[in-house]
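J.: Okay, handing you the structure first.
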Amino acid sequence: MSEIVVFGAGGRAGRAAVHEARRRGHQVTAVVRDPGKYGDLAADGVRVAAGDVTDAGGVARLAEGHDAAISAVYDWGVEAGVFFPGAARALAAGLAKAGVNRLVVVGLASVLEDASGVPLMDTPGYPQEYRSFYLGHAAGTEVLRGAATGLDWLVVSPAGDFDHGGSRTGRYRTAPADAASRVSYADFAIALLDEIDFPGHHRVHLGVEEG
Ligand SMILES: NC(=O)c1ccc[n+]([C@@H]2O[C@H](COP(=O)([O-])OP(=O)(O)OC[C@H]3O[C@@H](n4cnc5c(N)ncnc54)[C@H](OP(=O)(O)O)[C@@H]3O)[C@@H](O)[C@H]2O)c1
């Protein structure tokens with residue numbers, strides 16, 4: 001049994017991560033900005049706590065005593081090029097202060113490389129209207145890559161996209177980017193928790209799909 005802190009625990013990927021962690025018997029601190037909005041998250045083994053992933057001091061306080069952290073955050077109200085690097089900086093600094101070494105971040109397929117090494121966002125026909133959002137995600141990963149704290153981080157994203165109505169099959173596989181690829185939130189969360197229970201990938205962006 002491990003103690004896991006999940007930032008963005010009220011979101012779609014965050015909720016799936018909390019659920020999968022509980023399936024495995026881990027104790028979870030579910031961090032949300034406004035606990036009043038997320039009363040349904042509280043459960044046996046799940047403590048709901050207020051926090052902001054962009055506040056390094058808060059991250060340190062919330063992560064204290066935990067074995068690993070998951071970040072599954074997105075804030076539509078803040079420019080992605082500000083939000084994702086800010087979250088990455090606060091996580092790197094805060095987790096180092098708390099002595100938490102493993103961080104698994106939910107990333108974005110658009111910046112994952114396809115089988116020929118080309119980022120999905122640069123492949124023919126890929127939508128360009130959200131490119132600044134893609135680049136914001138990539139900038140967050142660059143902050144982790146440059147962190148001087150020795151943090152054992154991993155970014156995991158769908159290889160293509162989430163299958164929003166998809167259910168848990170209990171299976172997934174790692175895969176390069178492919179716009180047609182899908183994975184349910186529940187199966188995606190298995191990959192997140194596997195990388196905490198049995199860390200197999202380090203300091204890279206990993207794609208996963210239904211398998
Ligand atoms: N194809 C793909 O690769 C793909 C597809 C979808 C999503 N994603 C990525 O996956 C990640 C999770 O997405 P999702 O669909 O689960 O998003 P979501 O349902 O919108 O959840 C995001 C959560 O982040 C929380 N949050 C926002 N700002 C925060 C802050 N400063 N501190 C703490 N929590 C904060 C929000 O909580 P509040 O209630 O406080 O706002 C919300 O619950 C995102 O980074 C997203 O870009 C990737």
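In the structure tokens, chains take the letters A, B, ... in the order shown, each chain's residues start at 1, and ligands count up from 1 in the order shown.
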Could you report the residues within 7 Å of ligand 1, using only C-alpha atoms and all ligand atoms, as JSON, numbers by chain?

T.: {"A": [7, 8, 9, 10, 11, 12, 13, 14, 31, 32, 33, 34, 51, 52, 53, 54, 72, 73, 74, 75, 106, 107, 108, 109, 110, 157, 158, 159, 160, 161, 162]}

J.: Take the residues from that selection and put them in a file with N, CA and C atoms, as a short mmCIF file (atom, residue, chain, number, x, y, z; two decimals), in the first residue's frame.

T.:
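Generated output (out_30.cif):
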data_model
loop_
_atom_site.label_atom_id
_atom_site.label_comp_id
_atom_site.auth_asym_id
_atom_site.auth_seq_id
_atom_site.Cartn_x
_atom_site.Cartn_y
_atom_site.Cartn_z
N PHE A 7 -3.13 15.58 -7.99
CA PHE A 7 -3.52 16.96 -8.28
C PHE A 7 -4.46 16.94 -9.48
N GLY A 8 -5.56 17.69 -9.37
CA GLY A 8 -6.58 17.64 -10.42
C GLY A 8 -7.48 16.44 -10.25
N ALA A 9 -7.67 16.02 -9.01
CA ALA A 9 -8.39 14.77 -8.71
C ALA A 9 -9.87 14.83 -9.08
N GLY A 10 -10.40 16.03 -9.28
CA GLY A 10 -11.82 16.14 -9.63
C GLY A 10 -12.09 16.06 -11.12
N GLY A 11 -11.04 16.09 -11.94
CA GLY A 11 -11.21 16.04 -13.39
C GLY A 11 -11.41 14.61 -13.88
N ARG A 12 -11.54 14.50 -15.22
CA ARG A 12 -11.85 13.16 -15.78
C ARG A 12 -10.68 12.20 -15.57
N ALA A 13 -9.48 12.59 -15.95
CA ALA A 13 -8.33 11.70 -15.77
C ALA A 13 -8.00 11.56 -14.28
N GLY A 14 -8.11 12.65 -13.53
CA GLY A 14 -7.80 12.61 -12.11
C GLY A 14 -8.70 11.66 -11.34
N VAL A 31 -6.37 16.18 -4.43
CA VAL A 31 -6.24 17.64 -4.34
C VAL A 31 -7.12 18.31 -5.41
N VAL A 32 -7.96 19.21 -4.95
CA VAL A 32 -8.83 19.99 -5.83
C VAL A 32 -8.76 21.45 -5.36
N ARG A 33 -9.12 22.37 -6.25
CA ARG A 33 -9.03 23.77 -5.81
C ARG A 33 -10.15 24.12 -4.84
N ASP A 34 -11.34 23.57 -5.07
CA ASP A 34 -12.48 23.89 -4.22
C ASP A 34 -13.17 22.60 -3.76
N GLY A 51 -6.03 22.64 -2.78
CA GLY A 51 -4.68 23.03 -3.18
C GLY A 51 -4.63 23.48 -4.61
N ASP A 52 -3.54 24.16 -4.94
CA ASP A 52 -3.31 24.69 -6.28
C ASP A 52 -1.98 24.13 -6.77
N VAL A 53 -2.01 23.46 -7.90
CA VAL A 53 -0.81 22.79 -8.41
C VAL A 53 0.27 23.77 -8.83
N THR A 54 -0.07 25.05 -8.97
CA THR A 54 0.94 26.03 -9.37
C THR A 54 1.59 26.72 -8.18
N ALA A 72 -2.96 15.68 -13.01
CA ALA A 72 -3.91 15.53 -14.13
C ALA A 72 -4.69 16.83 -14.24
N VAL A 73 -3.96 17.90 -14.57
CA VAL A 73 -4.56 19.23 -14.48
C VAL A 73 -4.67 19.92 -15.83
N TYR A 74 -5.62 20.81 -15.88
CA TYR A 74 -5.86 21.66 -17.05
C TYR A 74 -6.70 22.83 -16.56
N ASP A 75 -6.30 24.04 -16.87
CA ASP A 75 -7.06 25.22 -16.47
C ASP A 75 -7.36 26.05 -17.71
N VAL A 106 -0.23 13.62 -16.48
CA VAL A 106 -1.06 13.35 -17.65
C VAL A 106 -0.75 14.41 -18.71
N GLY A 107 -0.27 13.94 -19.85
CA GLY A 107 0.15 14.84 -20.91
C GLY A 107 -0.81 14.87 -22.08
N LEU A 108 -0.30 15.27 -23.23
CA LEU A 108 -1.13 15.51 -24.41
C LEU A 108 -0.54 14.79 -25.63
N ALA A 109 -1.39 14.02 -26.31
CA ALA A 109 -0.92 13.25 -27.47
C ALA A 109 -0.36 14.13 -28.57
N SER A 110 -0.88 15.34 -28.70
CA SER A 110 -0.46 16.23 -29.81
C SER A 110 1.05 16.45 -29.84
N SER A 157 0.39 10.07 -21.85
CA SER A 157 -0.81 10.59 -22.52
C SER A 157 -1.42 9.47 -23.35
N PRO A 158 -2.67 9.67 -23.77
CA PRO A 158 -3.18 8.76 -24.79
C PRO A 158 -2.26 8.85 -26.01
N ALA A 159 -2.17 7.78 -26.79
CA ALA A 159 -1.41 7.85 -28.04
C ALA A 159 -2.16 8.70 -29.05
N GLY A 160 -3.49 8.77 -28.90
CA GLY A 160 -4.32 9.59 -29.79
C GLY A 160 -5.27 10.46 -28.99
N ASP A 161 -6.26 9.82 -28.38
CA ASP A 161 -7.22 10.58 -27.57
C ASP A 161 -7.91 9.61 -26.60
N PHE A 162 -8.65 10.20 -25.67
CA PHE A 162 -9.47 9.38 -24.78
C PHE A 162 -10.71 8.92 -25.53
#

J.: Step one, run DSSP on the backbone; step two, keep only residues of range 19-194 of chain A assigned to alpha helix (DSSP H); then write them as an MDAnalysis selection string.

T.: chainID A and resid 19:23 56:63 80:98 131:146 185:194

J.: Rank A:Val59, A:Ala147, A:Arg15, A:Pro119 by their smallest atom-to-atom distance to Tyr38 in chain A, using only C-alpha atoms, and report the top residue only.

T.: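 Counting only C-alpha atoms, the residue closest to Tyr38 in chain A is A:Arg15.
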
J.: In terms of the shortest atom-to-atom distance over only C-alpha atoms, which of A:Gly57, A:Gly39, A:Gly140, A:Gly25 is closest to Arg89 in chain A?

T.: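 With only C-alpha atoms as the atom set, the closest residue is A:Gly140.
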
J.: Report as a Markdown table the residues of range 127-159 of chain A within 12 Å of range 190-203 of chain A, each with its shortest atom pair and distance in Å (one decimal), using only C-alpha atoms, ordered by chain and increasing residue number.

T.:
| residue | atom | partner | partner_atom | distance |
| --- | --- | --- | --- | --- |
| A:Thr141 | CA | A:Arg203 | CA | 9.1 |
| A:Glu142 | CA | A:Arg203 | CA | 10.3 |
| A:Val143 | CA | A:Arg203 | CA | 11.3 |
| A:Leu144 | CA | A:Arg203 | CA | 8.1 |
| A:Arg145 | CA | A:Arg203 | CA | 6.9 |
| A:Gly146 | CA | A:Arg203 | CA | 10.3 |
| A:Ala147 | CA | A:Arg203 | CA | 10.7 |
| A:Gly150 | CA | A:Arg203 | CA | 10.0 |
| A:Leu151 | CA | A:Arg203 | CA | 8.6 |
| A:Asp152 | CA | A:His202 | CA | 6.2 |
| A:Trp153 | CA | A:Arg203 | CA | 5.1 |
| A:Leu154 | CA | A:Arg203 | CA | 5.0 |
| A:Val155 | CA | A:Arg203 | CA | 7.5 |
| A:Val156 | CA | A:Leu192 | CA | 7.1 |
| A:Ser157 | CA | A:Leu192 | CA | 9.4 |
| A:Pro158 | CA | A:Ala191 | CA | 10.1 |

J.: Which one is closest to Ala80 in chain A: A:Arg131, A:Arg182, A:His205, A:His19? Count only C-alpha atoms.

T.: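 Checking each candidate against Ala80 in chain A, we get A:Arg131 as the closest.
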
J.: Which residues come within 6 Å of range 98-100 of chain A, counting only C-alpha atoms, excluding same-chain residues fewer than 3 positions away, as an NGL selection string?

T.: :A and (60 or 63-64 or 67-68 or 95)

J.: Pick out the closest residue to Asp122 in chain A from this set: A:Val78, A:Ala179, A:Val204, A:Ala16. Count only C-alpha atoms.

T.: A:Ala179

J.: Here is a test: counting only C-alpha atoms, which residue of A:Thr169, A:Ala56, A:Ala177, A:Glu210 is nearest to Ala92 in chain A?

T.: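 Smallest separation from Ala92 in chain A among the options: A:Ala56.
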